[in-house]
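Notes to accompany the following structure.
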Amino acid sequence: MNNKGHRRVLTACILLVAASTLVNAQSKRVPFRVMFWNVENLFDCKHDSLKNDYQFLPTAMRVWNHRRYRKKLVDIARTITAVGEWTPPALVGLCEVENDSVMRDLTRYSPLKQEEYQYIITHSPDRRGIDVALLYQEGRFKLLQREAIRIPYSGKHQYPTRDILHATGLVSHKDTLDVFVVHLPSRLGGQKASEPNRIHVARILKQSVDRLFANRLHPKVLIMGDFNDYPDCRSITEILGAIAPPTHPEPLHLYNLLANRAKKRNYGSYKYKGEWNLLDQLIVSGTLLNPENHFSTNEKKAQIVHLPFLLKEDEKYGGKEPFRTYNGIRYQGGFSDHLPVFVDF
């Protein structure tokens, strides 16, 4: 073989190695994972004179003491780490967190400290004193703006509730991502009587999203939270207009990533009287479903987390159920009455 032949073989080998390296790098690319979890009453052990937190004090019937509180922090940290697998989630939405104190303890004084999360939290007028929060890793989500959207109330069926948390940040390829974390009013008093409260909050959320659709060139919107409603309820399908993703999604529409699977019997993140239902939603704008965009996803990348330690035997109805912290006022030492959900981008 002459020198020219040697050069051709060498060049071919170099190209083959480069291509192999590129393929390996792409296959190992870390997804941008976003997680949401209702952590079931993450209260500290101190009384706040402005909040109705009497059930979660050492002297209350629940005997919520420092030991139990520390265990819950460790359990939440363990779960977030496990959901992230090899890399912790870039964003974690949480609801039923009491205040800055519990978020500081979670991010600074629990095993989650090593992941270097920052956090933002609302300070709502909710009567129980619970709020929504967002954990984020600064290296993967550069926070640009934050706001707490207050929910005005009036009339005998409405009452102070949780703010909507809206965070805007830069992600990969300098894409701007708008994230909403929500916890809609509960079903206390029954679904029919309480539905107007959730519709009221959903309207305010939709107004905020519509403003982004009108003002952003390519709006990328993610809504995550406990809606206390199912994917086919009015607050989601009619007010937000969030439906299961079609074959060809529209850029300026909202789509519920878990809606198709929620049509199956006994599929969900929350179990009530033996039936699983989906209360925790992951909703995105159509722009995030375009595979040609650098930052995108699809419904196959959204999942409910079924880690074994989050579940226990359902002794009354059979099967499994979430391993919750309390069953009524009886302490079980579990994690939460909800399972987490996540989506990869």
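In the structure tokens, each chain is lettered A, B, ... as it comes, each chain's residues begin at 1, and ligands are numbered from 1 in order of appearance.
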Which of range 74-252 of chain A fall in strand (DSSP E or B), as a ChimeraX atom specification = /A:91-97,118-121,131-136,142-149,164-170,176-183,221-226,243
What does the file look like for those residues with C-alpha atoms, as a PDB file, in the first residue's frame?
```pdb
ATOM      1  CA  LEU A  91     -36.697  21.150  38.354  1.00  0.00           C
ATOM      2  CA  VAL A  92     -38.875  19.857  41.185  1.00  0.00           C
ATOM      3  CA  GLY A  93     -42.322  21.316  41.847  1.00  0.00           C
ATOM      4  CA  LEU A  94     -43.685  20.703  45.334  1.00  0.00           C
ATOM      5  CA  CYS A  95     -46.984  21.409  47.024  1.00  0.00           C
ATOM      6  CA  GLU A  96     -48.202  21.195  50.630  1.00  0.00           C
ATOM      7  CA  VAL A  97     -45.033  22.821  51.942  1.00  0.00           C
ATOM      8  CA  GLN A 118     -32.081  26.674  44.980  1.00  0.00           C
ATOM      9  CA  TYR A 119     -35.756  27.259  45.681  1.00  0.00           C
ATOM     10  CA  ILE A 120     -38.588  29.735  45.348  1.00  0.00           C
ATOM     11  CA  ILE A 121     -41.852  29.520  47.269  1.00  0.00           C
ATOM     12  CA  ASP A 131     -47.869  26.648  49.697  1.00  0.00           C
ATOM     13  CA  VAL A 132     -46.249  25.603  46.438  1.00  0.00           C
ATOM     14  CA  ALA A 133     -42.535  25.738  45.693  1.00  0.00           C
ATOM     15  CA  LEU A 134     -40.008  25.073  42.960  1.00  0.00           C
ATOM     16  CA  LEU A 135     -36.531  23.580  43.370  1.00  0.00           C
ATOM     17  CA  TYR A 136     -34.104  24.320  40.551  1.00  0.00           C
ATOM     18  CA  LYS A 142     -31.170  30.113  34.973  1.00  0.00           C
ATOM     19  CA  LEU A 143     -33.965  31.886  36.814  1.00  0.00           C
ATOM     20  CA  LEU A 144     -34.905  35.140  35.084  1.00  0.00           C
ATOM     21  CA  GLN A 145     -38.165  36.077  36.752  1.00  0.00           C
ATOM     22  CA  ARG A 146     -40.611  34.826  39.364  1.00  0.00           C
ATOM     23  CA  GLU A 147     -44.078  35.833  40.450  1.00  0.00           C
ATOM     24  CA  ALA A 148     -46.776  34.623  42.798  1.00  0.00           C
ATOM     25  CA  ILE A 149     -50.202  34.983  41.222  1.00  0.00           C
ATOM     26  CA  ILE A 164     -49.938  30.092  41.516  1.00  0.00           C
ATOM     27  CA  LEU A 165     -46.147  30.091  41.235  1.00  0.00           C
ATOM     28  CA  HIS A 166     -44.790  31.295  37.879  1.00  0.00           C
ATOM     29  CA  ALA A 167     -41.064  31.034  37.136  1.00  0.00           C
ATOM     30  CA  THR A 168     -39.294  31.999  33.921  1.00  0.00           C
ATOM     31  CA  GLY A 169     -35.833  30.669  33.160  1.00  0.00           C
ATOM     32  CA  LEU A 170     -33.292  29.776  30.500  1.00  0.00           C
ATOM     33  CA  THR A 176     -36.939  30.336  27.609  1.00  0.00           C
ATOM     34  CA  LEU A 177     -39.178  28.068  29.680  1.00  0.00           C
ATOM     35  CA  ASP A 178     -42.174  29.345  31.628  1.00  0.00           C
ATOM     36  CA  VAL A 179     -43.082  27.049  34.530  1.00  0.00           C
ATOM     37  CA  PHE A 180     -46.296  27.179  36.552  1.00  0.00           C
ATOM     38  CA  VAL A 181     -46.666  25.225  39.800  1.00  0.00           C
ATOM     39  CA  VAL A 182     -50.251  24.932  41.041  1.00  0.00           C
ATOM     40  CA  HIS A 183     -52.309  23.369  43.813  1.00  0.00           C
ATOM     41  CA  VAL A 221     -45.008  26.589  28.813  1.00  0.00           C
ATOM     42  CA  LEU A 222     -45.033  23.827  31.413  1.00  0.00           C
ATOM     43  CA  ILE A 223     -47.790  23.544  34.027  1.00  0.00           C
ATOM     44  CA  MET A 224     -47.427  21.008  36.815  1.00  0.00           C
ATOM     45  CA  GLY A 225     -49.396  20.484  39.955  1.00  0.00           C
ATOM     46  CA  ASP A 226     -52.121  18.879  41.996  1.00  0.00           C
ATOM     47  CA  ILE A 243     -56.422  17.701  26.089  1.00  0.00           C
TER      48      ILE A 243
END
```
Could you give me, as number ranges by chain, the residues within 9 Å of Arg70 in chain A, counting only C-alpha atoms and dropping anything in the same chain fewer than 5 positions from it?
-> A: 65, 75, 105, 110
Every residue of range 258-299 of chain A that DSSP places in alpha helix (DSSP H), as a ChimeraX atom specification | /A:259-262
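Distances here use only C-alpha atoms; by that measure, the residue among A:Phe56, A:Trp86, A:Tyr326, A:Tyr159 closest to Ser194 in chain A is A:Tyr159.
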From the set A:Ile329, A:Leu257, A:Val83, A:Leu252, which residue has the shortest atom-to-atom contact distance to Lys300 in chain A, counting only C-alpha atoms?
-> A:Leu257
Identify, on the basis of only C-alpha atoms, every residue whose closest approach to Tyr331 in chain A does not exceed 9 Å; exclude the query and any residue fewer than 5 positions from it along the same chain; express the result as an MDAnalysis selection string.
-> chainID A and resid 62:64 324:326
Can you tell me, as a PyMOL selection string, what residues are no more than 9 Å from Ile239 in chain A when counting only C-alpha atoms, ignoring any on the same chain fewer than 4 positions away?
-> chain A and resi 199+202-203+206+234-235
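Here CA of Phe32 in chain A stands at a distance of 27.5 Å from CA of Phe323 in chain A.
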What's the 12 Å shell around Pro231 in chain A, counting only C-alpha atoms, without same-chain residues fewer than 3 positions away, as a ChimeraX atom specification?
-> /A:226-228,234-244,255-264,267-268,277-283
Could you take the residues named above and write them with N, CA, C and O atoms, as a compact mmCIF listing (two decimals), in the first residue's frame?
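Contents of out.txt, as written:
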```
# COMPACT_ATOMS: atom_id res chain seq x y z
N ASP A 226 -50.98 19.65 41.50
CA ASP A 226 -52.12 18.88 42.00
C ASP A 226 -53.36 19.70 41.68
O ASP A 226 -53.62 20.72 42.31
N PHE A 227 -54.13 19.23 40.70
CA PHE A 227 -55.32 19.95 40.27
C PHE A 227 -56.57 19.58 41.07
O PHE A 227 -57.60 20.22 40.93
N ASN A 228 -56.46 18.54 41.90
CA ASN A 228 -57.64 18.02 42.61
C ASN A 228 -58.79 17.76 41.63
O ASN A 228 -59.96 17.79 42.00
N ARG A 234 -63.82 19.74 33.95
CA ARG A 234 -64.02 21.02 33.28
C ARG A 234 -62.85 21.98 33.46
O ARG A 234 -62.47 22.71 32.54
N SER A 235 -62.28 22.01 34.67
CA SER A 235 -61.19 22.95 34.93
C SER A 235 -60.03 22.74 33.96
O SER A 235 -59.33 23.70 33.60
N ILE A 236 -59.83 21.51 33.52
CA ILE A 236 -58.70 21.18 32.66
C ILE A 236 -59.09 21.21 31.19
O ILE A 236 -58.44 21.87 30.37
N THR A 237 -60.17 20.50 30.83
CA THR A 237 -60.52 20.39 29.41
C THR A 237 -61.19 21.64 28.85
O THR A 237 -60.90 22.06 27.73
N GLU A 238 -62.10 22.24 29.62
CA GLU A 238 -62.85 23.40 29.12
C GLU A 238 -62.14 24.72 29.40
O GLU A 238 -62.03 25.58 28.51
N ILE A 239 -61.69 24.92 30.62
CA ILE A 239 -61.11 26.21 30.99
C ILE A 239 -59.68 26.34 30.45
O ILE A 239 -59.35 27.30 29.75
N LEU A 240 -58.82 25.37 30.75
CA LEU A 240 -57.45 25.42 30.22
C LEU A 240 -57.40 24.97 28.76
O LEU A 240 -56.48 25.34 28.04
N GLY A 241 -58.36 24.16 28.37
CA GLY A 241 -58.34 23.62 27.01
C GLY A 241 -57.24 22.59 26.82
O GLY A 241 -56.76 22.37 25.70
N ALA A 242 -56.82 21.95 27.92
CA ALA A 242 -55.73 20.98 27.88
C ALA A 242 -56.29 19.58 27.61
O ALA A 242 -57.04 19.05 28.43
N ILE A 243 -55.93 19.02 26.48
CA ILE A 243 -56.42 17.70 26.09
C ILE A 243 -55.23 16.77 25.87
O ILE A 243 -54.06 17.18 25.95
N ALA A 244 -55.52 15.50 25.61
CA ALA A 244 -54.46 14.55 25.30
C ALA A 244 -53.76 14.97 24.01
O ALA A 244 -54.41 15.46 23.08
N TYR A 255 -51.57 20.79 26.22
CA TYR A 255 -51.79 19.36 26.12
C TYR A 255 -51.37 18.66 27.42
O TYR A 255 -50.29 18.95 27.97
N ASN A 256 -52.22 17.76 27.86
CA ASN A 256 -52.01 17.03 29.11
C ASN A 256 -51.28 15.72 28.79
O ASN A 256 -51.84 14.81 28.19
N LEU A 257 -50.04 15.60 29.24
CA LEU A 257 -49.18 14.50 28.82
C LEU A 257 -49.63 13.13 29.33
O LEU A 257 -49.28 12.11 28.75
N LEU A 258 -50.38 13.10 30.43
CA LEU A 258 -50.79 11.81 31.00
C LEU A 258 -52.26 11.50 30.72
O LEU A 258 -52.79 10.49 31.19
N ALA A 259 -52.92 12.34 29.94
CA ALA A 259 -54.38 12.20 29.74
C ALA A 259 -54.76 10.90 29.05
O ALA A 259 -55.76 10.28 29.40
N ASN A 260 -54.01 10.50 28.06
CA ASN A 260 -54.35 9.27 27.34
C ASN A 260 -54.29 8.06 28.25
O ASN A 260 -55.19 7.21 28.25
N ARG A 261 -53.23 7.96 29.06
CA ARG A 261 -53.10 6.81 29.95
C ARG A 261 -54.10 6.86 31.09
O ARG A 261 -54.49 5.83 31.65
N ALA A 262 -54.54 8.07 31.46
CA ALA A 262 -55.51 8.21 32.55
C ALA A 262 -56.88 7.63 32.17
O ALA A 262 -57.72 7.44 33.05
N LYS A 263 -57.09 7.36 30.88
CA LYS A 263 -58.35 6.77 30.46
C LYS A 263 -58.45 5.30 30.87
O LYS A 263 -59.53 4.73 30.92
N LYS A 264 -57.30 4.73 31.19
CA LYS A 264 -57.30 3.34 31.64
C LYS A 264 -57.84 3.26 33.08
O LYS A 264 -57.63 4.16 33.88
N TYR A 267 -55.63 3.85 36.86
CA TYR A 267 -54.35 4.50 36.56
C TYR A 267 -54.35 5.84 37.27
O TYR A 267 -55.28 6.64 37.13
N GLY A 268 -53.32 6.10 38.06
CA GLY A 268 -53.30 7.40 38.71
C GLY A 268 -52.18 7.57 39.72
O GLY A 268 -51.34 6.69 39.94
N ASN A 277 -56.75 7.33 40.72
CA ASN A 277 -57.14 8.42 39.83
C ASN A 277 -55.97 9.38 39.67
O ASN A 277 -55.08 9.45 40.52
N LEU A 278 -56.00 10.14 38.59
CA LEU A 278 -54.91 11.06 38.30
C LEU A 278 -55.31 12.48 38.71
O LEU A 278 -56.13 13.11 38.05
N LEU A 279 -54.73 12.97 39.80
CA LEU A 279 -54.95 14.34 40.25
C LEU A 279 -53.76 15.24 39.89
O LEU A 279 -53.90 16.46 39.83
N ASP A 280 -52.61 14.64 39.67
CA ASP A 280 -51.37 15.39 39.45
C ASP A 280 -51.06 15.42 37.95
O ASP A 280 -50.80 14.38 37.34
N GLN A 281 -51.08 16.62 37.40
CA GLN A 281 -51.03 16.78 35.94
C GLN A 281 -49.70 17.37 35.48
O GLN A 281 -49.07 18.17 36.19
N LEU A 282 -49.31 16.99 34.26
CA LEU A 282 -48.18 17.59 33.56
C LEU A 282 -48.72 18.11 32.23
O LEU A 282 -49.08 17.32 31.35
N ILE A 283 -48.79 19.41 32.08
CA ILE A 283 -49.42 20.04 30.92
C ILE A 283 -48.39 20.93 30.22
O ILE A 283 -47.68 21.70 30.88
```
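Once range 46-50 of chain A and its same-chain neighbours fewer than 6 positions away are set aside, Phe56, Leu57, Pro58, Thr59, Ala60, Trp64, Asn65, His66, Tyr69, Glu98, Asn99, Ser101, Val102, His123, Ser124, Pro125, Asp126, Arg127, Arg128, Gly129 and Ile130 of chain A remain within 12 Å of it when counting only C-alpha atoms.
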Quick one: write out the picked residues with N, CA and C atoms as a PDB file, in the first residue's frame?
```pdb
ATOM      1  N   PHE A  56     -50.106  20.209  63.435  1.00  0.00           N
ATOM      2  CA  PHE A  56     -48.728  19.758  63.211  1.00  0.00           C
ATOM      3  C   PHE A  56     -47.771  20.418  64.197  1.00  0.00           C
ATOM      4  N   LEU A  57     -48.052  20.138  65.457  1.00  0.00           N
ATOM      5  CA  LEU A  57     -47.216  20.596  66.559  1.00  0.00           C
ATOM      6  C   LEU A  57     -46.950  19.400  67.480  1.00  0.00           C
ATOM      7  N   PRO A  58     -45.880  19.422  68.263  1.00  0.00           N
ATOM      8  CA  PRO A  58     -45.584  18.303  69.165  1.00  0.00           C
ATOM      9  C   PRO A  58     -46.693  18.030  70.181  1.00  0.00           C
ATOM     10  N   THR A  59     -47.467  19.059  70.519  1.00  0.00           N
ATOM     11  CA  THR A  59     -48.518  18.893  71.520  1.00  0.00           C
ATOM     12  C   THR A  59     -49.865  18.480  70.925  1.00  0.00           C
ATOM     13  N   ALA A  60     -49.966  18.400  69.598  1.00  0.00           N
ATOM     14  CA  ALA A  60     -51.222  18.043  68.944  1.00  0.00           C
ATOM     15  C   ALA A  60     -51.439  16.530  68.969  1.00  0.00           C
ATOM     16  N   TRP A  64     -46.676  15.773  66.000  1.00  0.00           N
ATOM     17  CA  TRP A  64     -45.708  16.076  64.943  1.00  0.00           C
ATOM     18  C   TRP A  64     -44.467  16.698  65.584  1.00  0.00           C
ATOM     19  N   ASN A  65     -43.458  15.877  65.817  1.00  0.00           N
ATOM     20  CA  ASN A  65     -42.277  16.339  66.541  1.00  0.00           C
ATOM     21  C   ASN A  65     -41.062  16.432  65.623  1.00  0.00           C
ATOM     22  N   HIS A  66     -39.951  16.863  66.208  1.00  0.00           N
ATOM     23  CA  HIS A  66     -38.749  17.109  65.405  1.00  0.00           C
ATOM     24  C   HIS A  66     -38.227  15.826  64.766  1.00  0.00           C
ATOM     25  N   TYR A  69     -40.367  15.078  61.777  1.00  0.00           N
ATOM     26  CA  TYR A  69     -40.116  16.100  60.757  1.00  0.00           C
ATOM     27  C   TYR A  69     -38.804  15.820  60.027  1.00  0.00           C
ATOM     28  N   GLU A  98     -44.980  24.167  53.974  1.00  0.00           N
ATOM     29  CA  GLU A  98     -45.492  25.234  54.834  1.00  0.00           C
ATOM     30  C   GLU A  98     -44.842  26.591  54.601  1.00  0.00           C
ATOM     31  N   ASN A  99     -43.519  26.639  54.515  1.00  0.00           N
ATOM     32  CA  ASN A  99     -42.869  27.954  54.525  1.00  0.00           C
ATOM     33  C   ASN A  99     -41.409  27.863  54.076  1.00  0.00           C
ATOM     34  N   SER A 101     -38.900  28.035  55.943  1.00  0.00           N
ATOM     35  CA  SER A 101     -38.141  27.239  56.908  1.00  0.00           C
ATOM     36  C   SER A 101     -38.004  25.786  56.454  1.00  0.00           C
ATOM     37  N   VAL A 102     -39.108  25.172  56.018  1.00  0.00           N
ATOM     38  CA  VAL A 102     -39.028  23.768  55.603  1.00  0.00           C
ATOM     39  C   VAL A 102     -38.253  23.629  54.302  1.00  0.00           C
ATOM     40  N   HIS A 123     -46.104  32.688  49.203  1.00  0.00           N
ATOM     41  CA  HIS A 123     -46.526  32.977  50.580  1.00  0.00           C
ATOM     42  C   HIS A 123     -48.011  33.336  50.521  1.00  0.00           C
ATOM     43  N   SER A 124     -48.806  32.296  50.446  1.00  0.00           N
ATOM     44  CA  SER A 124     -50.229  32.443  50.159  1.00  0.00           C
ATOM     45  C   SER A 124     -51.051  32.700  51.414  1.00  0.00           C
ATOM     46  N   PRO A 125     -52.287  33.157  51.238  1.00  0.00           N
ATOM     47  CA  PRO A 125     -53.205  33.336  52.376  1.00  0.00           C
ATOM     48  C   PRO A 125     -53.989  32.065  52.701  1.00  0.00           C
ATOM     49  N   ASP A 126     -53.531  30.932  52.167  1.00  0.00           N
ATOM     50  CA  ASP A 126     -54.224  29.663  52.397  1.00  0.00           C
ATOM     51  C   ASP A 126     -54.492  29.462  53.885  1.00  0.00           C
ATOM     52  N   ARG A 127     -55.687  29.017  54.208  1.00  0.00           N
ATOM     53  CA  ARG A 127     -56.092  28.903  55.604  1.00  0.00           C
ATOM     54  C   ARG A 127     -55.290  27.860  56.371  1.00  0.00           C
ATOM     55  N   ARG A 128     -54.858  26.805  55.685  1.00  0.00           N
ATOM     56  CA  ARG A 128     -54.064  25.771  56.351  1.00  0.00           C
ATOM     57  C   ARG A 128     -52.587  26.138  56.417  1.00  0.00           C
ATOM     58  N   GLY A 129     -52.211  27.162  55.671  1.00  0.00           N
ATOM     59  CA  GLY A 129     -50.816  27.575  55.713  1.00  0.00           C
ATOM     60  C   GLY A 129     -49.896  26.776  54.818  1.00  0.00           C
ATOM     61  N   ILE A 130     -50.437  26.156  53.749  1.00  0.00           N
ATOM     62  CA  ILE A 130     -49.574  25.401  52.840  1.00  0.00           C
ATOM     63  C   ILE A 130     -49.389  26.158  51.532  1.00  0.00           C
TER      64      ILE A 130
END
```
CA of Leu184 in chain A to CA of Gly286 in chain A, straight-line distance in Å | 22.9 Å
